[in-house]
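Everything below belongs to model28.tsv, which stores TSV, C-alpha atoms and all ligand atoms.
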chain	number	residue	atom	x	y	z
A	1	MET	CA	-8.85	177.37	102.97
A	2	THR	CA	-9.90	178.34	99.52
A	3	GLN	CA	-9.28	176.01	96.61
A	4	ARG	CA	-5.99	176.60	94.82
A	5	VAL	CA	-6.42	177.45	91.18
A	6	TRP	CA	-3.64	176.31	88.83
A	7	MET	CA	-3.19	178.70	85.95
A	8	ARG	CA	-2.65	176.89	82.68
A	9	GLY	CA	-0.94	178.17	79.57
A	10	ASN	CA	2.51	176.62	79.67
A	11	GLY	CA	1.78	173.61	77.54
A	12	GLY	CA	-0.83	172.56	80.08
A	13	ARG	CA	1.56	172.99	82.99
A	14	SER	CA	0.41	174.54	86.25
A	15	THR	CA	1.80	177.92	87.23
A	16	ARG	CA	2.88	177.75	90.81
A	17	GLY	CA	3.18	180.61	93.25
A	18	PHE	CA	6.44	181.12	95.13
A	19	GLY	CA	7.17	182.77	98.45
A	20	ILE	CA	10.73	183.73	99.42
A	21	VAL	CA	11.75	183.73	103.07
A	22	GLY	CA	14.86	185.83	103.69
A	23	ALA	CA	15.37	188.81	101.37
A	24	GLY	CA	19.18	189.04	101.43
A	25	VAL	CA	21.90	188.45	98.83
A	26	ILE	CA	20.73	185.12	97.37
A	27	SER	CA	17.05	186.06	97.34
A	28	LEU	CA	17.61	188.16	94.21
A	29	THR	CA	18.90	185.12	92.34
A	30	HIS	CA	15.78	183.18	93.38
A	31	ALA	CA	13.48	186.06	92.46
A	32	ASP	CA	15.12	186.46	89.02
A	33	ALA	CA	15.20	182.69	88.42
A	34	ILE	CA	11.49	182.39	89.32
A	35	ALA	CA	10.68	185.34	87.03
A	36	SER	CA	12.50	183.60	84.17
A	37	LEU	CA	10.23	180.53	84.37
A	38	PRO	CA	6.78	180.57	82.70
A	39	ALA	CA	5.51	177.98	85.20
A	40	ALA	CA	6.51	180.02	88.26
A	41	ARG	CA	5.40	183.32	89.73
A	42	LEU	CA	6.77	185.12	92.77
A	43	VAL	CA	3.80	186.18	94.87
A	44	ALA	CA	5.24	187.12	98.27
A	45	VAL	CA	8.42	187.63	100.28
A	46	THR	CA	9.16	188.08	103.96
A	47	ASP	CA	12.17	188.94	106.11
A	48	VAL	CA	12.69	189.64	109.80
A	49	GLU	CA	13.96	192.99	108.55
A	50	PRO	CA	10.80	194.37	106.90
A	51	ALA	CA	12.66	196.95	104.80
A	52	ARG	CA	14.49	194.16	102.96
A	53	ALA	CA	11.25	192.35	102.17
A	54	LYS	CA	9.69	195.61	100.95
A	55	SER	CA	12.66	196.37	98.72
A	56	LEU	CA	12.62	192.89	97.13
A	57	ALA	CA	8.83	193.04	96.75
A	58	ALA	CA	9.06	196.44	95.06
A	59	SER	CA	11.71	195.30	92.58
A	60	HIS	CA	9.82	192.08	91.72
A	61	ASP	CA	6.23	193.29	91.89
A	62	CYS	CA	4.97	191.03	94.66
A	63	ALA	CA	3.66	191.32	98.22
A	64	ALA	CA	5.86	191.91	101.26
A	65	GLU	CA	4.38	189.90	104.13
A	66	PRO	CA	5.08	190.99	107.72
A	67	ASP	CA	6.17	187.52	108.90
A	68	LEU	CA	6.51	183.86	108.03
A	69	ASP	CA	3.04	182.94	109.29
A	70	ALA	CA	1.44	185.52	107.00
A	71	LEU	CA	3.41	184.22	104.02
A	72	LEU	CA	2.53	180.60	104.82
A	73	ALA	CA	-1.15	181.46	105.24
A	74	ARG	CA	-1.39	182.51	101.59
A	75	ASP	CA	-3.14	179.97	99.39
A	76	ASP	CA	-1.36	181.32	96.32
A	77	VAL	CA	2.04	180.32	97.75
A	78	ASP	CA	2.69	176.73	96.66
A	79	VAL	CA	6.48	176.65	96.95
A	80	VAL	CA	8.69	178.36	99.54
A	81	SER	CA	12.30	179.31	98.78
A	82	VAL	CA	14.20	179.28	102.06
A	83	CYS	CA	16.95	181.91	101.78
A	84	VAL	CA	17.60	182.63	105.47
A	85	PRO	CA	20.98	182.02	107.19
A	86	SER	CA	22.05	178.37	106.87
A	87	GLY	CA	21.48	177.40	110.52
A	88	LEU	CA	17.81	178.47	110.24
A	89	HIS	CA	16.95	176.45	107.12
A	90	ALA	CA	15.35	173.55	109.00
A	91	GLU	CA	13.45	175.80	111.41
A	92	VAL	CA	11.82	177.74	108.56
A	93	GLY	CA	11.52	174.70	106.26
A	94	VAL	CA	9.75	172.56	108.89
A	95	ARG	CA	7.13	175.29	109.37
A	96	ALA	CA	6.65	175.70	105.63
A	97	ALA	CA	6.31	171.93	105.14
A	98	ALA	CA	3.71	171.77	107.92
A	99	ALA	CA	1.76	174.42	105.99
A	100	GLY	CA	1.81	172.13	102.93
A	101	LYS	CA	4.34	174.12	100.90
A	102	HIS	CA	6.90	172.51	98.62
A	103	LEU	CA	10.45	173.52	99.47
A	104	VAL	CA	13.49	174.99	97.75
A	105	ILE	CA	16.15	175.05	100.48
A	106	GLU	CA	19.34	176.99	99.87
A	107	LYS	CA	22.59	175.15	100.51
A	108	PRO	CA	23.70	173.77	102.88
A	109	VAL	CA	20.53	171.90	103.89
A	110	ASP	CA	21.31	173.15	107.43
A	111	VAL	CA	24.48	173.11	109.52
A	112	SER	CA	23.84	169.96	111.60
A	113	LEU	CA	22.71	166.49	110.66
A	114	ARG	CA	20.03	166.58	113.34
A	115	ALA	CA	18.47	169.66	111.79
A	116	ALA	CA	18.74	168.14	108.31
A	117	ASP	CA	17.00	164.98	109.51
A	118	ARG	CA	14.21	167.04	111.10
A	119	LEU	CA	13.63	168.90	107.85
A	120	ILE	CA	13.69	165.81	105.63
A	121	ALA	CA	11.28	164.02	107.99
A	122	ALA	CA	8.91	167.03	108.05
A	123	ALA	CA	8.79	167.20	104.24
A	124	ARG	CA	8.16	163.47	104.02
A	125	ALA	CA	5.39	163.62	106.66
A	126	ALA	CA	3.71	166.52	104.86
A	127	GLY	CA	4.03	164.88	101.44
A	128	VAL	CA	5.75	167.92	99.95
A	129	VAL	CA	8.67	167.92	97.51
A	130	LEU	CA	11.98	169.24	98.86
A	131	THR	CA	15.06	170.18	96.86
A	132	VAL	CA	18.33	171.48	98.27
A	133	ILE	CA	20.04	173.96	95.97
A	134	SER	CA	23.09	172.59	94.20
A	135	GLN	CA	22.77	174.65	91.07
A	136	HIS	CA	26.07	173.57	89.55
A	137	ARG	CA	24.66	170.09	88.89
A	138	PHE	CA	22.79	171.89	86.11
A	139	ASP	CA	25.91	173.47	84.56
A	140	GLN	CA	26.69	172.24	81.03
A	141	GLY	CA	30.03	170.67	81.94
A	142	LEU	CA	28.46	168.59	84.71
A	143	ILE	CA	25.68	167.38	82.45
A	144	GLU	CA	28.30	166.28	79.92
A	145	LEU	CA	30.50	164.64	82.59
A	146	ARG	CA	27.52	162.65	83.89
A	147	ARG	CA	26.80	161.54	80.32
A	148	LEU	CA	30.38	160.35	79.88
A	149	LEU	CA	30.22	158.50	83.22
A	150	ALA	CA	26.91	156.83	82.34
A	151	ALA	CA	28.42	155.70	79.01
A	152	GLY	CA	31.36	154.19	80.90
A	153	GLN	CA	33.82	156.48	79.09
A	154	LEU	CA	35.91	157.14	82.17
A	155	GLY	CA	36.15	153.45	83.07
A	156	ARG	CA	36.60	152.58	86.75
A	157	LEU	CA	37.02	155.79	88.76
A	158	VAL	CA	40.37	156.14	90.49
A	159	LEU	CA	40.81	159.71	91.74
A	160	GLY	CA	38.45	162.66	92.29
A	161	GLU	CA	39.43	166.16	93.36
A	162	ALA	CA	37.24	169.16	94.18
A	163	SER	CA	38.64	172.57	94.94
A	164	THR	CA	37.15	175.96	95.81
A	165	LYS	CA	39.88	178.54	96.28
A	166	TRP	CA	37.93	181.71	96.76
A	167	TYR	CA	38.49	185.04	98.40
A	168	ARG	CA	36.20	186.77	100.86
A	169	SER	CA	37.21	189.94	102.68
A	170	GLN	CA	36.75	190.53	106.41
A	171	GLY	CA	34.05	192.99	105.31
A	172	TYR	CA	32.07	190.06	103.85
A	173	TYR	CA	32.12	188.27	107.21
A	174	ASP	CA	31.29	191.49	109.05
A	175	SER	CA	28.33	192.22	106.73
A	176	ALA	CA	25.93	190.04	108.73
A	177	ALA	CA	26.17	188.68	112.29
A	178	TRP	CA	25.50	185.08	111.22
A	179	ARG	CA	28.43	184.88	108.80
A	180	GLY	CA	31.49	183.04	110.04
A	181	THR	CA	29.70	181.49	113.05
A	182	TRP	CA	29.48	177.77	113.83
A	183	ALA	CA	25.84	178.00	114.86
A	184	LEU	CA	24.45	179.64	111.72
A	185	ASP	CA	27.04	179.41	108.95
A	186	GLY	CA	30.06	177.10	109.18
A	187	GLY	CA	33.29	177.92	107.40
A	188	SER	CA	34.70	177.88	103.89
A	189	LEU	CA	33.79	174.24	103.32
A	190	MET	CA	30.24	174.44	104.73
A	191	ASN	CA	29.36	177.65	102.91
A	192	GLN	CA	31.49	177.85	99.74
A	193	GLY	CA	33.16	174.46	99.19
A	194	ILE	CA	29.95	172.46	99.57
A	195	HIS	CA	28.99	173.20	95.95
A	196	TYR	CA	31.89	171.27	94.43
A	197	LEU	CA	31.85	168.74	97.28
A	198	ASP	CA	28.32	167.85	96.15
A	199	LEU	CA	29.57	167.50	92.57
A	200	LEU	CA	32.40	165.25	93.76
A	201	LEU	CA	29.91	162.98	95.57
A	202	TRP	CA	27.59	163.05	92.58
A	203	THR	CA	30.35	161.77	90.31
A	204	MET	CA	32.45	159.59	92.62
A	205	GLY	CA	29.74	158.14	94.88
A	206	PRO	CA	29.64	157.84	98.68
A	207	VAL	CA	32.65	158.46	100.92
A	208	ALA	CA	33.80	155.82	103.41
A	209	GLU	CA	36.64	157.66	105.16
A	210	VAL	CA	37.71	161.28	105.78
A	211	THR	CA	41.07	162.58	107.07
A	212	ALA	CA	41.20	166.36	107.35
A	213	LEU	CA	42.95	169.53	108.50
A	214	PHE	CA	41.54	173.03	108.82
A	215	SER	CA	42.76	176.46	109.91
A	216	THR	CA	41.64	180.05	110.37
A	217	GLN	CA	44.43	182.30	109.21
A	218	THR	CA	43.33	185.54	107.60
A	219	HIS	CA	39.89	186.37	109.05
A	220	GLN	CA	38.56	187.24	112.49
A	221	ILE	CA	35.92	184.47	112.52
A	222	GLU	CA	35.06	181.40	114.64
A	223	VAL	CA	35.04	179.04	111.68
A	224	GLU	CA	37.75	177.86	109.28
A	225	ASP	CA	38.86	179.84	106.25
A	226	ALA	CA	40.77	176.88	104.82
A	227	ALA	CA	39.89	173.18	104.90
A	228	LEU	CA	41.70	170.22	103.32
A	229	ALA	CA	40.64	166.59	103.29
A	230	LEU	CA	41.74	163.24	101.97
A	231	LEU	CA	38.82	161.01	101.04
A	232	ARG	CA	38.46	157.29	100.51
A	233	PHE	CA	35.32	156.51	98.53
A	234	ALA	CA	33.21	153.41	99.18
A	235	SER	CA	34.24	152.23	95.68
A	236	GLY	CA	37.89	152.14	96.77
A	237	ALA	CA	38.77	155.27	94.76
A	238	VAL	CA	40.48	158.14	96.60
A	239	GLY	CA	40.15	161.91	96.45
A	240	THR	CA	40.92	165.34	97.80
A	241	LEU	CA	38.81	168.27	98.88
A	242	VAL	CA	40.03	171.86	99.26
A	243	ALA	CA	37.95	174.86	100.31
A	244	SER	CA	39.11	178.31	101.28
A	245	THR	CA	37.95	181.93	101.42
A	246	ALA	CA	41.50	183.15	102.05
A	247	VAL	CA	43.00	182.71	98.56
A	248	PHE	CA	43.42	186.10	96.89
A	249	PRO	CA	42.01	187.02	94.41
A	250	GLY	CA	39.86	183.86	94.12
A	251	PHE	CA	40.07	181.22	91.39
A	252	ALA	CA	37.74	179.01	89.35
A	253	GLN	CA	36.05	176.17	91.20
A	254	ARG	CA	37.60	172.97	89.92
A	255	LEU	CA	36.56	169.33	89.66
A	256	GLU	CA	38.99	166.75	88.32
A	257	ILE	CA	37.77	163.20	87.79
A	258	SER	CA	40.13	160.42	86.66
A	259	GLY	CA	39.28	156.85	85.80
A	260	THR	CA	40.93	153.96	84.01
A	261	GLY	CA	39.44	155.41	80.79
A	262	GLY	CA	40.73	158.94	81.17
A	263	THR	CA	40.32	162.30	82.88
A	264	VAL	CA	37.83	165.17	82.75
A	265	VAL	CA	38.61	168.56	84.29
A	266	ILE	CA	35.86	171.10	84.94
A	267	GLU	CA	36.31	174.74	85.89
A	268	ASP	CA	33.32	176.86	86.85
A	269	GLY	CA	30.89	174.44	85.27
A	270	GLU	CA	32.66	174.00	81.93
A	271	ILE	CA	34.82	171.10	80.78
A	272	ILE	CA	38.25	172.61	80.16
A	273	ARG	CA	40.04	169.34	79.51
A	274	ARG	CA	38.88	165.91	78.41
A	275	GLU	CA	41.38	163.13	77.82
A	276	LEU	CA	39.65	159.83	77.04
A	277	SER	CA	41.64	156.77	76.02
A	278	ALA	CA	38.78	155.34	73.90
A	279	ALA	CA	38.63	158.52	71.81
A	280	ARG	CA	42.41	158.50	71.36
A	281	ALA	CA	42.33	154.91	70.19
A	282	GLU	CA	39.72	155.81	67.56
A	283	THR	CA	41.25	159.00	66.25
A	284	GLY	CA	44.89	158.63	67.23
A	285	SER	CA	44.64	162.04	68.85
A	286	PRO	CA	43.29	163.55	72.03
A	287	ASP	CA	39.50	163.34	72.04
A	288	GLY	CA	38.59	166.74	70.57
A	289	SER	CA	39.07	167.98	74.08
A	290	ALA	CA	37.79	171.40	74.96
A	291	THR	CA	40.51	174.01	74.73
A	292	PRO	CA	41.63	175.22	78.13
A	293	ARG	CA	39.82	178.46	78.77
A	294	GLY	CA	42.68	180.48	80.08
A	295	SER	CA	42.18	182.63	83.10
A	296	ALA	CA	38.43	183.34	83.00
A	297	ARG	CA	36.86	182.78	86.40
A	298	SER	CA	33.36	183.23	87.74
A	299	ALA	CA	32.48	186.43	89.51
A	300	ALA	CA	31.49	184.35	92.55
A	301	ALA	CA	35.19	183.59	93.13
A	302	ALA	CA	35.62	187.10	94.44
A	303	THR	CA	32.16	188.33	95.42
A	304	PRO	CA	29.15	186.55	96.89
A	305	ALA	CA	26.74	188.48	94.66
A	306	GLY	CA	28.34	187.42	91.37
A	307	LEU	CA	25.93	184.62	90.45
A	308	GLU	CA	24.26	183.67	87.18
A	309	ILE	CA	20.58	182.71	87.47
A	310	ALA	CA	20.36	180.02	84.76
A	311	SER	CA	21.39	177.07	86.90
A	312	HIS	CA	19.13	178.11	89.79
A	313	ALA	CA	16.28	178.43	87.26
A	314	ALA	CA	17.03	174.95	85.90
A	315	GLN	CA	16.92	173.46	89.40
A	316	ILE	CA	13.69	175.26	90.29
A	317	SER	CA	12.19	174.11	86.98
A	318	ASP	CA	13.17	170.54	87.85
A	319	LEU	CA	11.35	170.90	91.19
A	320	LEU	CA	8.19	172.02	89.36
A	321	ASP	CA	8.45	169.01	87.04
A	322	ALA	CA	8.95	166.75	90.06
A	323	ILE	CA	5.76	168.13	91.66
A	324	ASP	CA	3.80	167.67	88.42
A	325	GLU	CA	5.16	164.19	87.75
A	326	GLY	CA	5.03	162.94	91.35
A	327	ARG	CA	8.72	162.06	91.30
A	328	ALA	CA	11.74	162.97	93.39
A	329	PRO	CA	13.61	166.11	92.34
A	330	ALA	CA	17.10	165.91	90.78
A	331	VAL	CA	18.65	167.08	94.06
A	332	THR	CA	16.87	165.62	97.10
A	333	GLY	CA	17.03	166.42	100.80
A	334	GLU	CA	19.09	163.24	101.21
A	335	ASP	CA	21.60	164.56	98.64
A	336	GLY	CA	21.92	167.74	100.69
A	337	ARG	CA	22.36	165.65	103.82
A	338	ALA	CA	25.07	163.52	102.17
A	339	ALA	CA	27.17	166.62	101.40
A	340	LEU	CA	26.56	167.96	104.92
A	341	GLU	CA	27.66	164.64	106.39
A	342	ILE	CA	31.06	164.98	104.69
A	343	VAL	CA	31.43	168.59	105.88
A	344	CYS	CA	30.69	167.46	109.45
A	345	ALA	CA	33.14	164.57	109.10
A	346	VAL	CA	35.86	166.95	107.83
A	347	TYR	CA	35.31	169.20	110.85
A	348	GLU	CA	35.31	166.26	113.23
A	349	SER	CA	38.47	164.79	111.73
A	350	ALA	CA	40.26	168.15	111.77
A	351	ARG	CA	39.31	168.82	115.40
A	352	ASP	CA	40.09	165.35	116.72
A	353	GLY	CA	43.16	164.72	114.56
A	354	ARG	CA	41.96	161.34	113.36
A	355	THR	CA	40.34	159.61	110.43
A	356	VAL	CA	36.51	159.57	110.53
A	357	ARG	CA	34.72	156.58	109.07
A	358	LEU	CA	31.25	156.94	107.52
A	359	PRO	CA	28.36	156.74	107.80
A	360	ALA	CA	28.88	158.68	111.01
A	361	VAL	CA	26.63	158.53	114.04
A	362	PRO	CA	24.57	161.75	113.64
A	363	HIS	CA	25.10	163.24	117.08
A	364	ARG	CA	28.89	162.78	116.92
A	365	SER	CA	29.19	164.55	113.62
A	366	ASP	CA	27.15	167.67	114.27
A	367	ASN	CA	29.01	170.74	113.12
A	368	GLN	CA	28.84	172.69	116.32
A	369	ARG	CA	31.78	172.56	118.63
A	370	GLY	CA	31.06	170.69	121.81
A	371	SER	CA	27.80	169.12	120.59
A	372	SER	CA	27.29	165.64	121.93
A	401	LIG	N1	23.49	178.75	96.06
A	401	LIG	C1	24.37	179.73	96.18
A	401	LIG	O1	25.25	179.90	95.32
A	401	LIG	C2	24.30	180.64	97.38
A	401	LIG	C3	24.93	181.89	97.32
A	401	LIG	C4	24.80	182.73	98.44
A	401	LIG	C5	24.13	182.30	99.58
A	401	LIG	N2	23.56	181.06	99.59
A	401	LIG	C6	22.85	180.59	100.80
A	401	LIG	O2	21.70	181.38	101.00
A	401	LIG	C7	21.46	181.57	102.39
A	401	LIG	C8	21.37	183.06	102.68
A	401	LIG	O3	22.59	183.68	102.32
A	401	LIG	P1	22.64	185.25	101.96
A	401	LIG	O4	24.03	185.49	101.51
A	401	LIG	O5	21.51	185.61	101.09
A	401	LIG	O6	22.44	185.87	103.43
A	401	LIG	P2	21.92	187.34	103.80
A	401	LIG	O7	22.38	187.62	105.19
A	401	LIG	O8	22.28	188.30	102.72
A	401	LIG	O9	20.34	187.17	103.78
A	401	LIG	C9	19.63	186.44	104.75
A	401	LIG	C10	18.33	187.17	105.01
A	401	LIG	O10	17.51	186.37	105.88
A	401	LIG	C11	16.87	187.25	106.81
A	401	LIG	N3	16.44	186.44	107.94
A	401	LIG	C12	17.19	185.99	108.98
A	401	LIG	N4	16.42	185.22	109.80
A	401	LIG	C13	15.19	185.18	109.24
A	401	LIG	C14	13.96	184.54	109.62
A	401	LIG	N5	13.90	183.75	110.71
A	401	LIG	N6	12.89	184.73	108.83
A	401	LIG	C15	12.96	185.53	107.72
A	401	LIG	N7	14.09	186.15	107.34
A	401	LIG	C16	15.18	185.97	108.08
A	401	LIG	C17	17.92	188.30	107.12
A	401	LIG	O11	17.35	189.48	107.67
A	401	LIG	C18	18.54	188.52	105.73
A	401	LIG	O12	17.88	189.54	105.02
A	401	LIG	C19	22.61	180.88	103.13
A	401	LIG	O13	22.18	179.62	103.54
A	401	LIG	C20	23.69	180.73	102.06
A	401	LIG	O14	24.51	179.58	102.27
A	401	LIG	C21	23.62	180.25	98.51

Can you present the structure in this file as structure tokens?
Amino acid sequence: MTQRVWMRGNGGRSTRGFGIVGAGVISLTHADAIASLPAARLVAVTDVEPARAKSLAASHDCAAEPDLDALLARDDVDVVSVCVPSGLHAEVGVRAAAAGKHLVIEKPVDVSLRAADRLIAAARAAGVVLTVISQHRFDQGLIELRRLLAAGQLGRLVLGEASTKWYRSQGYYDSAAWRGTWALDGGSLMNQGIHYLDLLLWTMGPVAEVTALFSTQTHQIEVEDAALALLRFASGAVGTLVASTAVFPGFAQRLEISGTGGTVVIEDGEIIRRELSAARAETGSPDGSATPRGSARSAAAATPAGLEIASHAAQISDLLDAIDEGRAPAVTGEDGRAALEIVCAVYESARDGRTVRLPAVPHRSDNQRGSS
């Protein structure tokens, strides 16, 4: 192996080479996010469908490698973005970790806890940094909510609600064989709802108990297109979780956090309402709360390609800082696992018609039907 050469010129920061595995819908967001960062450079992509890799390589001026081994053999690839179907994240990530590459894993970390544990263990054994994408943690409204929580402005948390009421057509599920399958995808909670589920966990803390229902009503798919859960948090607070891809035409993702000190409501990453009792006491009026934004909703509510790159770029930048500073990234493999654990518990509760208590025993809570 030749010595890696860090390019300098970003305030002394190393420029790291990226490889993308899986050149489908989300790969463009990664490629654009990487291109937007001075400390990152996309050097190679690969896909089991070579034409897709070639097309992404042509649009982003990098190499198209014939397979994963060829991409991993490159000394100028320091970080691998894993953008393959969800149920293949661990398989690809374990190989990349063994090759000494740092990892950006798309959400969910994988679709079973066993696979997630394999991946986290492989990264730890290889000494590489792993982040699981949860780009909305980097949205402005979430940063502000976390600041308010750290300052104790919401008091003791009482109720937390996360909802993703999106719309996906049958054509979306038919666009790739892995979509809508238990083995490689999972349903509306595993794929779409997991974003705001992660934000709910990030603000409310760990979940102790899950009671759920799910159904498949408007799509020809194995998995659910609507999931509902009641949550009891370890703190004693309670909450709800809603995820669907059957709600036409698709609405803003919503997070509502209430504590003894007030309530903050976020839609699509922005605070749309902030009612804090401390601020009222000071000013005698509602705390300069953000004006409700009306009916604006993100493009992702209706189409999987409607994503902004800024939050992905912020998370990738955090990973680069974590590598440089020898610290854990803002979103760790364990964070990805924690969200997956709730998804698995929702599925288990819905199937068995009973409340699931956490932490679950990994093999009982695997997503796939009939796993034991
Ligand atoms: N963070 C987000 O907002 C967001 C948005 C969309 C998708 N995603 C996630 O990104 C992942 C991919 O989703 P997508 O919509 O881009 O899917 P996609 O089907 O459009 O792309 C997946 C690509 O991976 C390729 N592939 C499959 N197996 C492979 C392998 N073993 N090696 C190399 N390439 C392989 C396929 O040929 C395809 O081109 C999923 O896990 C999904 O949950 C995240």

Residues within 9 Å of ligand LIG 401 (chain A) should be enumerated using only C-alpha atoms and all ligand atoms and returned as a PyMOL selection string. chain A and resi 20-29+45-50+52-53+67-68+82-89+91-92+105-110+133-136+175-179+184-185+190-192+195+300+304-307+312

Create the file for the chosen residues now, containing C-alpha atoms and written as an mmCIF file, in the frame of the given file.
data_model
loop_
_atom_site.group_PDB
_atom_site.id
_atom_site.type_symbol
_atom_site.label_atom_id
_atom_site.label_comp_id
_atom_site.auth_asym_id
_atom_site.auth_seq_id
_atom_site.Cartn_x
_atom_site.Cartn_y
_atom_site.Cartn_z
ATOM 1 C CA ILE A 20 10.730 183.730 99.420
ATOM 2 C CA VAL A 21 11.750 183.730 103.070
ATOM 3 C CA GLY A 22 14.860 185.830 103.690
ATOM 4 C CA ALA A 23 15.370 188.810 101.370
ATOM 5 C CA GLY A 24 19.180 189.040 101.430
ATOM 6 C CA VAL A 25 21.900 188.450 98.830
ATOM 7 C CA ILE A 26 20.730 185.120 97.370
ATOM 8 C CA SER A 27 17.050 186.060 97.340
ATOM 9 C CA LEU A 28 17.610 188.160 94.210
ATOM 10 C CA THR A 29 18.900 185.120 92.340
ATOM 11 C CA VAL A 45 8.420 187.630 100.280
ATOM 12 C CA THR A 46 9.160 188.080 103.960
ATOM 13 C CA ASP A 47 12.170 188.940 106.110
ATOM 14 C CA VAL A 48 12.690 189.640 109.800
ATOM 15 C CA GLU A 49 13.960 192.990 108.550
ATOM 16 C CA PRO A 50 10.800 194.370 106.900
ATOM 17 C CA ARG A 52 14.490 194.160 102.960
ATOM 18 C CA ALA A 53 11.250 192.350 102.170
ATOM 19 C CA ASP A 67 6.170 187.520 108.900
ATOM 20 C CA LEU A 68 6.510 183.860 108.030
ATOM 21 C CA VAL A 82 14.200 179.280 102.060
ATOM 22 C CA CYS A 83 16.950 181.910 101.780
ATOM 23 C CA VAL A 84 17.600 182.630 105.470
ATOM 24 C CA PRO A 85 20.980 182.020 107.190
ATOM 25 C CA SER A 86 22.050 178.370 106.870
ATOM 26 C CA GLY A 87 21.480 177.400 110.520
ATOM 27 C CA LEU A 88 17.810 178.470 110.240
ATOM 28 C CA HIS A 89 16.950 176.450 107.120
ATOM 29 C CA GLU A 91 13.450 175.800 111.410
ATOM 30 C CA VAL A 92 11.820 177.740 108.560
ATOM 31 C CA ILE A 105 16.150 175.050 100.480
ATOM 32 C CA GLU A 106 19.340 176.990 99.870
ATOM 33 C CA LYS A 107 22.590 175.150 100.510
ATOM 34 C CA PRO A 108 23.700 173.770 102.880
ATOM 35 C CA VAL A 109 20.530 171.900 103.890
ATOM 36 C CA ASP A 110 21.310 173.150 107.430
ATOM 37 C CA ILE A 133 20.040 173.960 95.970
ATOM 38 C CA SER A 134 23.090 172.590 94.200
ATOM 39 C CA GLN A 135 22.770 174.650 91.070
ATOM 40 C CA HIS A 136 26.070 173.570 89.550
ATOM 41 C CA SER A 175 28.330 192.220 106.730
ATOM 42 C CA ALA A 176 25.930 190.040 108.730
ATOM 43 C CA ALA A 177 26.170 188.680 112.290
ATOM 44 C CA TRP A 178 25.500 185.080 111.220
ATOM 45 C CA ARG A 179 28.430 184.880 108.800
ATOM 46 C CA LEU A 184 24.450 179.640 111.720
ATOM 47 C CA ASP A 185 27.040 179.410 108.950
ATOM 48 C CA MET A 190 30.240 174.440 104.730
ATOM 49 C CA ASN A 191 29.360 177.650 102.910
ATOM 50 C CA GLN A 192 31.490 177.850 99.740
ATOM 51 C CA HIS A 195 28.990 173.200 95.950
ATOM 52 C CA ALA A 300 31.490 184.350 92.550
ATOM 53 C CA PRO A 304 29.150 186.550 96.890
ATOM 54 C CA ALA A 305 26.740 188.480 94.660
ATOM 55 C CA GLY A 306 28.340 187.420 91.370
ATOM 56 C CA LEU A 307 25.930 184.620 90.450
ATOM 57 C CA HIS A 312 19.130 178.110 89.790
#

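Counting only C-alpha atoms, the residue from A:Pro206, A:Gln315, A:Arg351, A:Glu224 that sits nearest to Asp139 (chain A) is A:Gln315.
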
Protein/DNA/RNA residues near (38.4, 184.1, 92.4), cut 12 Å, only C-alpha atoms, as a CSV table (one decimal) with C-alpha atoms, in the coordinates of the input:
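Final output, saved to selection00.csv:
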chain,number,residue,atom,x,y,z
A,163,SER,CA,38.6,172.6,94.9
A,164,THR,CA,37.2,176.0,95.8
A,165,LYS,CA,39.9,178.5,96.3
A,166,TRP,CA,37.9,181.7,96.8
A,167,TYR,CA,38.5,185.0,98.4
A,168,ARG,CA,36.2,186.8,100.9
A,169,SER,CA,37.2,189.9,102.7
A,192,GLN,CA,31.5,177.8,99.7
A,244,SER,CA,39.1,178.3,101.3
A,245,THR,CA,38.0,181.9,101.4
A,246,ALA,CA,41.5,183.2,102.0
A,247,VAL,CA,43.0,182.7,98.6
A,248,PHE,CA,43.4,186.1,96.9
A,249,PRO,CA,42.0,187.0,94.4
A,250,GLY,CA,39.9,183.9,94.1
A,251,PHE,CA,40.1,181.2,91.4
A,252,ALA,CA,37.7,179.0,89.4
A,253,GLN,CA,36.0,176.2,91.2
A,254,ARG,CA,37.6,173.0,89.9
A,267,GLU,CA,36.3,174.7,85.9
A,268,ASP,CA,33.3,176.9,86.8
A,295,SER,CA,42.2,182.6,83.1
A,296,ALA,CA,38.4,183.3,83.0
A,297,ARG,CA,36.9,182.8,86.4
A,298,SER,CA,33.4,183.2,87.7
A,299,ALA,CA,32.5,186.4,89.5
A,300,ALA,CA,31.5,184.4,92.6
A,301,ALA,CA,35.2,183.6,93.1
A,302,ALA,CA,35.6,187.1,94.4
A,303,THR,CA,32.2,188.3,95.4
A,304,PRO,CA,29.2,186.6,96.9
A,306,GLY,CA,28.3,187.4,91.4

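What separates CA of Glu161 (chain A) from CA of Asp225 (chain A) is a distance of 18.8 Å.
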
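Going from CA of Gln217 (chain A) over to CA of Thr355 (chain A), you cover 23.1 Å.
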
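Between CA of Arg137 (chain A) and CA of Trp202 (chain A) the interatomic distance comes to 8.5 Å.
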
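With all atoms listed in the file as the atoms that count, the residue of A:Gly152, A:Val238, A:Ile323, A:Glu334 with the shortest distance to Leu276 (chain A) is A:Gly152.
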
Name the residues, using the chain letters and numbers of the file, that sit within 8 Å of (16.3, 168.0, 96.3) when counting all atoms listed in the file, and give them as a ChimeraX atom specification. /A:104,129-133,319,328-336

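Among the candidate residues A:Gly19, A:Gly100, A:Gly326, A:Gly186, the one lying nearest to Ile34 (chain A) is A:Gly19, with distances computed using all atoms listed in the file.
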
Shell around Glu341 (chain A) at 12 Å using only C-alpha atoms, local window under 2 positions removed, as number ranges by chain: A: 108-117, 189-190, 194, 197-198, 201, 206-210, 334-339, 343-348, 356-367
